[in-house]
Structures are given as C-alpha cells and as structure tokens.
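To be precise, the following lines are input_6.cif, and they hold mmCIF, C-alpha atoms.
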```cif
data_upload
#
loop_
_atom_site.label_atom_id
_atom_site.label_comp_id
_atom_site.auth_asym_id
_atom_site.auth_seq_id
_atom_site.Cartn_x
_atom_site.Cartn_y
_atom_site.Cartn_z
CA MET L 1 -14.87 -9.72 -20.25
CA ASP L 2 -13.01 -12.95 -19.43
CA PRO L 3 -10.84 -12.36 -16.34
CA HIS L 4 -8.25 -14.88 -17.57
CA LEU L 5 -7.78 -12.78 -20.70
CA LEU L 6 -7.63 -9.61 -18.61
CA ARG L 7 -4.89 -11.08 -16.37
CA THR L 8 -2.88 -12.02 -19.44
CA PHE L 9 -3.29 -8.50 -20.83
CA VAL L 10 -2.05 -6.94 -17.57
CA ALA L 11 0.96 -9.27 -17.50
CA VAL L 12 1.91 -8.41 -21.10
CA VAL L 13 1.67 -4.66 -20.44
CA GLU L 14 3.57 -4.86 -17.14
CA HIS L 15 6.36 -7.03 -18.58
CA ARG L 16 6.38 -5.26 -21.96
CA SER L 17 6.92 -8.69 -23.45
CA PHE L 18 4.76 -11.60 -24.61
CA SER L 19 7.45 -14.15 -23.72
CA ALA L 20 8.08 -12.72 -20.25
CA ALA L 21 4.34 -12.61 -19.56
CA ALA L 22 4.05 -16.25 -20.68
CA GLN L 23 6.85 -17.27 -18.32
CA ALA L 24 5.29 -15.35 -15.40
CA LEU L 25 1.85 -16.89 -15.99
CA GLY L 26 3.01 -20.42 -16.82
CA TYR L 27 1.56 -20.27 -20.34
CA THR L 28 3.12 -20.77 -23.75
CA GLN L 29 3.86 -17.64 -25.74
CA SER L 30 1.33 -18.82 -28.33
CA ALA L 31 -1.38 -19.01 -25.64
CA VAL L 32 -0.58 -15.46 -24.51
CA SER L 33 -0.87 -14.20 -28.09
CA GLN L 34 -4.20 -15.98 -28.44
CA HIS L 35 -5.47 -14.43 -25.18
CA ILE L 36 -4.58 -10.93 -26.33
CA ALA L 37 -6.16 -11.49 -29.74
CA ALA L 38 -9.34 -12.83 -28.11
CA LEU L 39 -9.58 -9.84 -25.76
CA GLU L 40 -9.02 -7.40 -28.62
CA ASN L 41 -11.72 -9.18 -30.62
CA ASP L 42 -14.10 -9.02 -27.64
CA LEU L 43 -13.57 -5.27 -27.15
CA GLY L 44 -13.36 -4.49 -30.85
CA THR L 45 -10.09 -2.57 -30.71
CA ARG L 46 -6.33 -3.07 -30.67
CA LEU L 47 -5.02 -3.03 -27.08
CA VAL L 48 -1.32 -3.93 -27.42
CA GLU L 49 1.30 -2.71 -29.85
CA ARG L 50 3.52 -5.62 -30.89
CA ARG L 51 6.82 -3.90 -31.75
CA PRO L 52 7.79 -2.60 -29.30
CA VAL L 53 5.29 -4.21 -26.93
CA GLY L 54 3.19 -1.67 -25.08
CA PRO L 55 -0.39 -0.54 -24.59
CA THR L 56 -2.27 1.41 -27.21
CA THR L 57 -4.37 4.38 -26.10
CA ALA L 58 -7.29 1.99 -25.65
CA GLY L 59 -5.00 -0.39 -23.78
CA GLU L 60 -3.97 2.38 -21.38
CA ARG L 61 -7.64 3.03 -20.66
CA LEU L 62 -8.21 -0.67 -19.99
CA MET L 63 -5.22 -0.78 -17.61
CA GLU L 64 -6.91 1.88 -15.49
CA HIS L 65 -9.85 -0.49 -14.99
CA ALA L 66 -7.93 -3.77 -14.86
CA ALA L 67 -6.34 -3.54 -11.40
CA PRO L 68 -9.55 -2.74 -9.47
CA LEU L 69 -11.52 -5.31 -11.51
CA LEU L 70 -9.05 -8.10 -10.80
CA LEU L 71 -8.72 -7.07 -7.16
CA ARG L 72 -12.50 -7.24 -6.72
CA LEU L 73 -12.59 -10.72 -8.30
CA ASN L 74 -9.77 -11.96 -6.05
CA ALA L 75 -11.44 -10.38 -3.01
CA ALA L 76 -14.75 -12.09 -3.85
CA ARG L 77 -13.00 -15.44 -4.15
CA ALA L 78 -11.27 -14.94 -0.78
CA ASP L 79 -14.49 -13.80 0.93
CA VAL L 80 -16.40 -16.87 -0.27
CA ALA L 81 -13.52 -19.18 0.68
CA ARG L 82 -13.39 -17.74 4.22
CA ALA L 83 -17.10 -18.46 4.68
CA GLY L 84 -16.73 -22.10 3.69
CA ARG L 85 -13.52 -23.23 5.36
CA THR L 86 -12.28 -23.96 8.86
CA PRO L 87 -10.71 -20.80 10.32
CA PRO L 88 -6.90 -20.92 10.42
CA ALA L 89 -5.20 -21.75 13.71
CA GLY L 90 -2.45 -19.19 13.17
CA LEU L 91 -2.31 -15.45 12.51
CA THR L 92 -0.87 -13.73 9.45
CA LEU L 93 -0.39 -10.00 9.98
CA ALA L 94 0.52 -7.63 7.14
CA CYS L 95 1.93 -4.26 8.23
CA GLY L 96 3.03 -1.03 6.66
CA PRO L 97 6.64 -0.17 7.65
CA ALA L 98 5.66 2.61 10.06
CA ALA L 99 2.70 0.69 11.47
CA LEU L 100 4.80 -2.03 13.10
CA THR L 101 5.43 -0.11 16.32
CA PRO L 102 6.77 -1.32 19.70
CA ALA L 103 3.18 -1.20 21.01
CA VAL L 104 1.97 -3.51 18.23
CA ALA L 105 4.91 -5.89 18.74
CA GLY L 106 4.23 -5.93 22.48
CA GLU L 107 0.55 -6.83 22.02
CA LEU L 108 1.56 -9.56 19.58
CA ALA L 109 3.98 -11.00 22.15
CA ARG L 110 1.27 -11.01 24.82
CA LEU L 111 -1.15 -12.73 22.44
CA ARG L 112 1.41 -15.46 21.75
CA ALA L 113 2.06 -15.90 25.47
CA ASP L 114 -1.67 -16.27 26.14
CA THR L 115 -2.21 -18.63 23.18
CA PRO L 116 0.35 -21.47 23.39
CA GLY L 117 1.29 -22.90 20.03
CA LEU L 118 -0.06 -19.95 18.03
CA ALA L 119 1.85 -19.65 14.75
CA VAL L 120 2.38 -16.01 13.73
CA ASP L 121 3.57 -14.71 10.37
CA VAL L 122 4.38 -10.98 10.13
CA GLN L 123 4.82 -9.46 6.67
CA VAL L 124 6.09 -5.91 6.13
CA LEU L 125 4.61 -4.58 2.90
CA GLY L 126 3.81 -1.33 1.18
CA ARG L 127 0.49 0.28 2.14
CA ALA L 128 -1.45 -0.76 -0.95
CA ALA L 129 -0.09 -4.31 -0.66
CA VAL L 130 -1.31 -4.56 2.96
CA ALA L 131 -4.91 -3.85 1.96
CA ARG L 132 -4.65 -6.24 -1.00
CA ALA L 133 -3.31 -9.00 1.27
CA VAL L 134 -6.34 -8.72 3.57
CA LEU L 135 -8.79 -8.46 0.67
CA THR L 136 -7.39 -11.50 -1.12
CA GLY L 137 -7.01 -13.64 2.01
CA THR L 138 -3.22 -13.89 2.11
CA ALA L 139 -3.28 -12.04 5.47
CA ASP L 140 -5.79 -12.33 8.32
CA LEU L 141 -5.25 -8.73 9.43
CA GLY L 142 -3.55 -5.62 8.11
CA LEU L 143 -2.07 -2.54 9.74
CA ILE L 144 -2.05 0.51 7.48
CA ASP L 145 -0.87 4.02 8.26
CA GLY L 146 -0.75 7.42 6.66
CA ALA L 147 -1.44 11.13 6.90
CA ALA L 148 -4.98 12.25 7.64
CA ALA L 149 -6.93 15.03 9.30
CA PRO L 150 -7.53 14.19 12.97
CA SER L 151 -10.11 11.37 13.33
CA ASP L 152 -10.49 10.97 9.55
CA PRO L 153 -10.33 7.35 8.31
CA LEU L 154 -7.64 6.25 5.89
CA PRO L 155 -8.73 5.37 2.34
CA VAL L 156 -8.90 1.66 1.45
CA PRO L 157 -9.82 -0.08 -1.83
CA ASP L 158 -13.56 -0.46 -2.34
CA ALA L 159 -13.31 -4.09 -3.42
CA ALA L 160 -14.99 -6.06 -0.62
CA PRO L 161 -16.30 -5.56 2.93
CA LEU L 162 -13.39 -4.45 5.09
CA THR L 163 -13.51 -3.00 8.59
CA GLY L 164 -10.96 -0.35 9.55
CA LEU L 165 -10.50 0.56 13.21
CA ALA L 166 -8.22 3.23 14.64
CA VAL L 167 -5.20 1.94 16.55
CA ALA L 168 -3.22 5.14 17.10
CA GLU L 169 -2.83 8.77 16.10
CA GLN L 170 0.30 10.79 16.69
CA PRO L 171 1.85 14.00 15.38
CA LEU L 172 3.25 14.02 11.86
CA ALA L 173 6.86 15.14 11.45
CA VAL L 174 9.06 16.29 8.59
CA LEU L 175 12.38 14.45 8.48
CA LEU L 176 15.38 16.63 7.54
CA PRO L 177 19.16 16.18 7.61
CA THR L 178 20.63 17.61 10.81
CA GLY L 179 22.51 20.25 8.78
CA HIS L 180 19.39 21.49 6.97
CA PRO L 181 18.63 25.23 7.46
CA LEU L 182 15.19 24.36 8.89
CA ALA L 183 16.40 21.63 11.26
CA HIS L 184 16.48 24.02 14.26
CA ARG L 185 12.80 24.99 13.93
CA GLY L 186 10.29 23.95 16.57
CA SER L 187 7.68 23.26 13.88
CA LEU L 188 7.22 23.51 10.12
CA ARG L 189 4.45 24.20 7.65
CA LEU L 190 4.12 21.67 4.85
CA PHE L 191 3.55 24.49 2.36
CA ASP L 192 7.10 25.76 3.01
CA LEU L 193 8.71 22.55 1.75
CA ALA L 194 9.55 22.03 -1.90
CA ASP L 195 11.87 19.02 -1.58
CA ALA L 196 10.43 15.66 -0.55
CA HIS L 197 10.66 11.88 -0.84
CA ASP L 198 7.74 9.88 -2.22
CA THR L 199 7.80 7.36 0.63
CA ALA L 200 6.94 6.81 4.32
CA VAL L 201 3.79 8.91 4.08
CA PRO L 202 3.10 8.96 0.30
CA LEU L 203 3.19 12.36 -1.36
CA GLY L 204 -0.19 11.68 -2.91
CA GLN L 205 -1.69 11.57 0.58
CA LEU L 206 0.06 14.81 1.53
CA ARG L 207 -1.14 16.56 -1.62
CA ALA L 208 -4.72 15.46 -1.00
CA ALA L 209 -4.65 16.32 2.72
CA ALA L 210 -3.00 19.70 2.13
CA ASN L 211 -5.15 20.44 -0.94
CA THR L 212 -2.13 21.32 -3.05
CA ASP L 213 -0.45 20.07 -6.22
CA GLY L 214 3.04 20.64 -4.79
CA PHE L 215 5.68 18.38 -3.24
CA ARG L 216 7.16 16.82 -6.37
CA PRO L 217 9.84 14.24 -5.48
CA ARG L 218 13.48 14.57 -6.49
CA VAL L 219 14.21 11.01 -5.38
CA THR L 220 11.65 8.21 -5.27
CA TYR L 221 12.25 5.40 -2.78
CA GLY L 222 9.99 2.38 -3.17
CA GLY L 223 11.21 0.22 -0.30
CA THR L 224 9.78 -0.58 3.12
CA ASP L 225 12.95 0.04 5.17
CA VAL L 226 12.36 3.20 7.19
CA HIS L 227 16.00 3.24 8.33
CA GLY L 228 17.07 3.16 4.69
CA LEU L 229 14.84 6.16 4.12
CA GLY L 230 16.51 7.93 7.04
CA THR L 231 19.92 7.24 5.49
CA LEU L 232 18.82 8.89 2.24
CA VAL L 233 17.46 11.93 4.07
CA ALA L 234 20.61 12.24 6.23
CA ALA L 235 22.74 12.28 3.06
CA GLY L 236 20.76 15.19 1.64
CA HIS L 237 18.61 13.43 -0.97
CA GLY L 238 15.40 15.09 0.16
CA LEU L 239 12.85 15.20 2.95
CA ALA L 240 10.21 12.76 4.18
CA ALA L 241 7.12 12.72 6.36
CA LEU L 242 6.98 10.25 9.26
CA PRO L 243 5.27 9.81 12.62
CA LEU L 244 7.10 11.99 15.15
CA SER L 245 8.16 9.10 17.40
CA LEU L 246 9.80 7.26 14.50
CA ALA L 247 11.42 10.37 13.05
CA ALA L 248 13.17 11.02 16.38
CA ALA L 249 14.92 7.63 16.23
CA LEU L 250 16.73 7.94 12.89
CA PRO L 251 20.43 8.98 13.11
CA GLY L 252 21.73 11.97 11.19
CA THR L 253 18.26 13.48 10.89
CA ALA L 254 15.94 15.85 12.74
CA GLY L 255 12.21 15.23 13.02
CA ILE L 256 10.35 18.56 13.09
CA ARG L 257 6.69 18.56 14.05
CA LEU L 258 4.28 19.62 11.29
CA SER L 259 2.15 22.60 12.34
CA ALA L 260 0.09 23.25 9.20
CA PRO L 261 -2.03 21.89 7.71
CA ARG L 262 -3.49 20.09 10.72
CA LEU L 263 -2.56 16.50 9.98
CA VAL L 264 -1.78 13.44 12.08
CA HIS L 265 -0.13 10.11 11.40
CA ARG L 266 -2.96 7.59 11.75
CA THR L 267 -2.68 3.80 12.10
CA GLU L 268 -5.65 1.49 11.48
CA VAL L 269 -6.18 -2.25 11.68
CA LEU L 270 -8.04 -3.81 8.74
CA HIS L 271 -9.93 -7.07 8.97
CA PRO L 272 -12.44 -8.96 6.80
CA ARG L 273 -16.10 -9.36 7.64
CA ALA L 274 -15.64 -12.42 9.89
CA PRO L 275 -12.08 -12.63 11.25
CA ALA L 276 -10.82 -15.87 12.80
CA ALA L 277 -10.51 -16.20 16.58
CA ALA L 278 -6.83 -15.21 16.87
CA ALA L 279 -7.33 -12.24 14.56
CA ARG L 280 -10.44 -11.14 16.45
CA GLU L 281 -8.57 -11.32 19.77
CA PHE L 282 -5.64 -9.32 18.42
CA VAL L 283 -7.97 -6.60 17.08
CA ALA L 284 -9.57 -6.36 20.52
CA ARG L 285 -6.15 -5.96 22.15
CA LEU L 286 -5.09 -3.24 19.70
CA THR L 287 -8.29 -1.22 19.93
CA GLY L 288 -9.34 -1.90 23.54
#
```

How does this structure look as structure tokens?
Amino acid sequence: MDPHLLRTFVAVVEHRSFSAAAQALGYTQSAVSQHIAALENDLGTRLVERRPVGPTTAGERLMEHAAPLLLRLNAARADVARAGRTPPAGLTLACGPAALTPAVAGELARLRADTPGLAVDVQVLGRAAVARAVLTGTADLGLIDGAAAPSDPLPVPDAAPLTGLAVAEQPLAVLLPTGHPLAHRGSLRLFDLADAHDTAVPLGQLRAAANTDGFRPRVTYGGTDVHGLGTLVAAGHGLAALPLSLAAALPGTAGIRLSAPRLVHRTEVLHPRAPAAAAREFVARLTG
C-alpha cells in the first residue's frame, strides 16, 4: 500500500472534501482524485463516497489502520534521521497541560542556567500529540500525564522505541463547582459520579482504570488550557479529573481527593532511543 496514497485518503476523509484535501496537501484536485482511484484499485473496493464525500464501510475500516500505519512510517523516518545527523544544540520539550508543573519549570530554568546559550522550545499539546511529537522527531522529549494504578506505566503508541520514565505521582482529584452538593466531602468515589468532562484526565483512561463503561460527557472540551477547564467546571458544565495540587489552584472550584478506585495522577518523561546531550541531562534532572 503506497503511503502517499494513504495520506491522501486520510486527508480526503478528514476534510470531507477533495478540494480541501488538495489544498492541505499542496496537490491539484485532479491528483487527489487519481490517488484515491489508485488506492481503491489497489485494494479492490470503493473507499470514498463522492457525493457527499465520506468514507464507505471499507473506508472506515481503512481509517482505523491508517493513523497507526502513518505514525509508524513517520517514526521510522525520524529514528533513522536521528542516527545520521548531528544532535541538536537546543531542546524542544512537548508537554501535556497538567505535566508542565512548577517542578518541571524549575528544573528547566536550572538547566538553562548551567548551559549558557541553550535554546529551549516548550510546546503545550494534547497527550496523544506529545507522544507523536517525540516519535516523529519534532520534539526531543515529551512529558505525558494521566490516570493510572499506582506504579503502572502510562500507555504510549507502539510505533517506535520510546523510553518512558516516571517523574511524579500524586493523588487524583475530582474538580467540582464550589456550590456542588458533593463539594464538602473529604473524598469521593469515581463510581458515584455521572457528570464529567472529557478532558484533563481523559474519560477513556478513567473508564479503563475503573473497569466501567460509565462517565459519559455532557460537555467535551478539547483544549489544553486547564484554567479554561476550571472556568467551565465552576460555571456548572460538568466535572473533571485533575492532579490534586492543580485542582486546588482553580478559582470557583473544589478539588476532592478520589478514594476509589485506587488511582494516581502519573507524569512520565518520554525520550527516543538515543536522546541528545541536553535532553539526556534534563531527563536525569527530572528522574534523579
């Protein structure tokens, strides 16, 4: 399967338009149509409905495979490139919104003080985007976070060799508006909550960790601004799960420690097989 054709297919399905996909990829619309026709001919089935544009049943199946296939190809390219080039002089750090803590910022400041002239680029991204950035070489290191059983590693894409090391674990809290009937509790059970936001700690992680199919969101927030999340919770749009220290700092809300199931908020640093000198030093500072 030609990866160029597969990328074009993904763009058409995501944009729901041949012309928009062509603009995004820098192709002509005719070239995009030819790519889709060639891929359909290769697989022996129609993948895209033309009017309106959207995936067929077979196309939906292919989309399930496309993202991990393309990620693995991009990760392989980045891994080979790292082995054959001069290591970068700077440091690009990708972080989940709750992973960029005062402790991390402090270690980064000390690294810069000890390494005159070090250029640092910090990017705040969603959790999946952090892992992709490290895999594809657009970041030297990543900091991911999420809910897990104590000492359990966080899941990462199986697309290339990545090392994940624990940086911190702290209690997980439920964020509620201060006027919520449960806001006076000393602790809460996750099973008691029916109203939640699909953000901060993703609900998929909570469902898997709690072994339940519950916690369906009323409001979905796809940003990376934790304070914006707190504003939504304070206004009564739902609940969220956050590390306890962060939950305590958001106005108009109460952070109540989670008592059951036994979960923690875990932060890990991700790095490729052979990190550059600045990245290696920063990992040592975070995990030492």

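Minimum atom-to-atom distance to Ser17 (chain L), evaluated using only C-alpha atoms, belongs to L:Arg51 out of L:Arg257, L:Arg46, L:Arg51, L:Arg127.
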
Can I get the residues of region 214-285 of chain L within 10 Å of region 109-121 of chain L, each with the closest pair of atoms and their distance in Å to one decimal, using all atoms listed in the file, sorted chain first then ascending number, as JSON lines?
```
{"residue": "L:Ala278", "atom": "CA", "partner": "L:Leu111", "partner_atom": "CA", "distance": 8.3}
{"residue": "L:Glu281", "atom": "CA", "partner": "L:Leu111", "partner_atom": "CA", "distance": 8.0}
{"residue": "L:Phe282", "atom": "CA", "partner": "L:Leu111", "partner_atom": "CA", "distance": 6.9}
{"residue": "L:Arg285", "atom": "CA", "partner": "L:Leu111", "partner_atom": "CA", "distance": 8.4}
```

Straight-line distance linking CA of Val12 (chain L) with CA of Ala94 (chain L), stated in Å to one decimal: 28.3 Å

The PyMOL selection byres ((chain L and resi 286) around 9) applied to the shown file, residues as number ranges by chain: L: 103-104, 107, 166-168, 269, 281-285, 287-288

Quick one: distance from CA of Ala249 (chain L) to CA of Glu169 (chain L) in Å, one decimal? 17.8 Å

Can you spell out as a PyMOL selection string the set of residues that the PyMOL selection byres ((chain L and resi 101) around 12) selects in the structure I just provided? chain L and resi 95-100+102-108+124+143-145+167-168+226+243+245-246+267+286

Write the residues of the preceding selection, restricted to C-alpha atoms, as a PDB file, in the frame of the given file.
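Wrote again-v3.pdb, looks like this:
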```
ATOM      1  CA  CYS L  95       1.930  -4.260   8.230  1.00  0.00           C
ATOM      2  CA  GLY L  96       3.030  -1.030   6.660  1.00  0.00           C
ATOM      3  CA  PRO L  97       6.640  -0.170   7.650  1.00  0.00           C
ATOM      4  CA  ALA L  98       5.660   2.610  10.060  1.00  0.00           C
ATOM      5  CA  ALA L  99       2.700   0.690  11.470  1.00  0.00           C
ATOM      6  CA  LEU L 100       4.800  -2.030  13.100  1.00  0.00           C
ATOM      7  CA  PRO L 102       6.770  -1.320  19.700  1.00  0.00           C
ATOM      8  CA  ALA L 103       3.180  -1.200  21.010  1.00  0.00           C
ATOM      9  CA  VAL L 104       1.970  -3.510  18.230  1.00  0.00           C
ATOM     10  CA  ALA L 105       4.910  -5.890  18.740  1.00  0.00           C
ATOM     11  CA  GLY L 106       4.230  -5.930  22.480  1.00  0.00           C
ATOM     12  CA  GLU L 107       0.550  -6.830  22.020  1.00  0.00           C
ATOM     13  CA  LEU L 108       1.560  -9.560  19.580  1.00  0.00           C
ATOM     14  CA  VAL L 124       6.090  -5.910   6.130  1.00  0.00           C
ATOM     15  CA  LEU L 143      -2.070  -2.540   9.740  1.00  0.00           C
ATOM     16  CA  ILE L 144      -2.050   0.510   7.480  1.00  0.00           C
ATOM     17  CA  ASP L 145      -0.870   4.020   8.260  1.00  0.00           C
ATOM     18  CA  VAL L 167      -5.200   1.940  16.550  1.00  0.00           C
ATOM     19  CA  ALA L 168      -3.220   5.140  17.100  1.00  0.00           C
ATOM     20  CA  VAL L 226      12.360   3.200   7.190  1.00  0.00           C
ATOM     21  CA  PRO L 243       5.270   9.810  12.620  1.00  0.00           C
ATOM     22  CA  SER L 245       8.160   9.100  17.400  1.00  0.00           C
ATOM     23  CA  LEU L 246       9.800   7.260  14.500  1.00  0.00           C
ATOM     24  CA  THR L 267      -2.680   3.800  12.100  1.00  0.00           C
ATOM     25  CA  LEU L 286      -5.090  -3.240  19.700  1.00  0.00           C
TER      26      LEU L 286
END
```

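The protein and nucleic acid residues lying at most 9 Å from Ala279 (chain L) are L:Gly90, L:Leu91, L:Thr92, L:Leu93, L:Asp140, L:Leu141, L:His271, L:Pro275, L:Ala276, L:Ala277, L:Glu281, L:Phe282, L:Val283, L:Ala284, with only C-alpha atoms considered and sequence neighbours fewer than 2 positions away removed.
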
Please list as an NGL selection string every residue within 10 Å of Pro150 (chain L), counting all atoms listed in the file and excluding residues in the same chain fewer than 5 positions away. :L and (169-171 or 262-266)

For the residues in the current selection, export C-alpha atoms as a tab-separated table (two decimals), keeping the file's coordinate frame.
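Final file, part.tsv:
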```tsv
chain	number	residue	atom	x	y	z
L	169	GLU	CA	-2.83	8.77	16.10
L	170	GLN	CA	0.30	10.79	16.69
L	171	PRO	CA	1.85	14.00	15.38
L	262	ARG	CA	-3.49	20.09	10.72
L	263	LEU	CA	-2.56	16.50	9.98
L	264	VAL	CA	-1.78	13.44	12.08
L	265	HIS	CA	-0.13	10.11	11.40
L	266	ARG	CA	-2.96	7.59	11.75
```

Which residue of L:Leu232, L:Leu188, L:Leu162, L:Leu135 approaches Leu73 (chain L) most closely, using all atoms listed in the file: L:Leu135

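Distance-wise, CA of Gln123 (chain L) and CA of Glu268 (chain L) end up 15.9 Å apart.
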
Using all atoms listed in the file, determine which residues lie at most 9 Å from Val32 (chain L), disregarding the query and same-chain residues fewer than 4 positions distant; provide the list as a PyMOL selection string. chain L and resi 5+8-9+12+18-19+21-22+25+27-28+36-37

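Remark: for Arg185 (chain L), the closest of the candidate residues L:Gly238, L:Pro155, L:Gly255, L:Gly126 is L:Gly255 (distances computed over all atoms listed in the file).
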
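Put simply, the PyMOL selection byres ((chain L and resi 227) around 12) in this file takes in Pro97, Ala98, Leu175, Thr199, Ala200, Tyr221, Gly223, Thr224, Asp225, Val226, Gly228, Leu229, Gly230, Thr231, Leu232, Val233, Ala234, Ala240, Leu242, Leu246, Ala247, Ala248, Ala249, Leu250, Pro251, Gly252 and Thr253 of chain L.
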
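Counting all atoms listed in the file and comparing L:Val156, L:Leu270, L:Val174, L:Leu258, the residue that lies closest to Ser187 (chain L) is L:Leu258.
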
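Candidate residues L:Val53, L:Leu70, L:Leu62, L:Ala20 were compared for distance to His4 (chain L), and the nearest is L:Leu70, using all atoms listed in the file.
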
Residues near Ala254 (chain L), anyone? I mean within 7 Å using all atoms listed in the file, not counting same-chain ones fewer than 2 positions away, as number ranges by chain. L: 175-178, 183, 248, 256

Sphere at (-3.3, -5.4, -26.0), radius 9 Å, counting all atoms listed in the file: residues as number ranges by chain: L: 9-10, 12-13, 36-37, 39-40, 45-50, 53-56, 58-59

Take every atom of region 114-131 of chain L listed in the file, pad by 8 Å on each side, and give me the axis-aligned box centre and edge lengths in Å, one decimal, as AutoDock Vina command-line options.
```
--center_x 0.6 --center_y -11.3 --center_z 12.6 --size_x 27.0 --size_y 39.2 --size_z 43.1
```

Nearest residue to Val130 (chain L) out of L:Ala148, L:Asp2, L:His237, L:Pro157, using only C-alpha atoms? L:Pro157
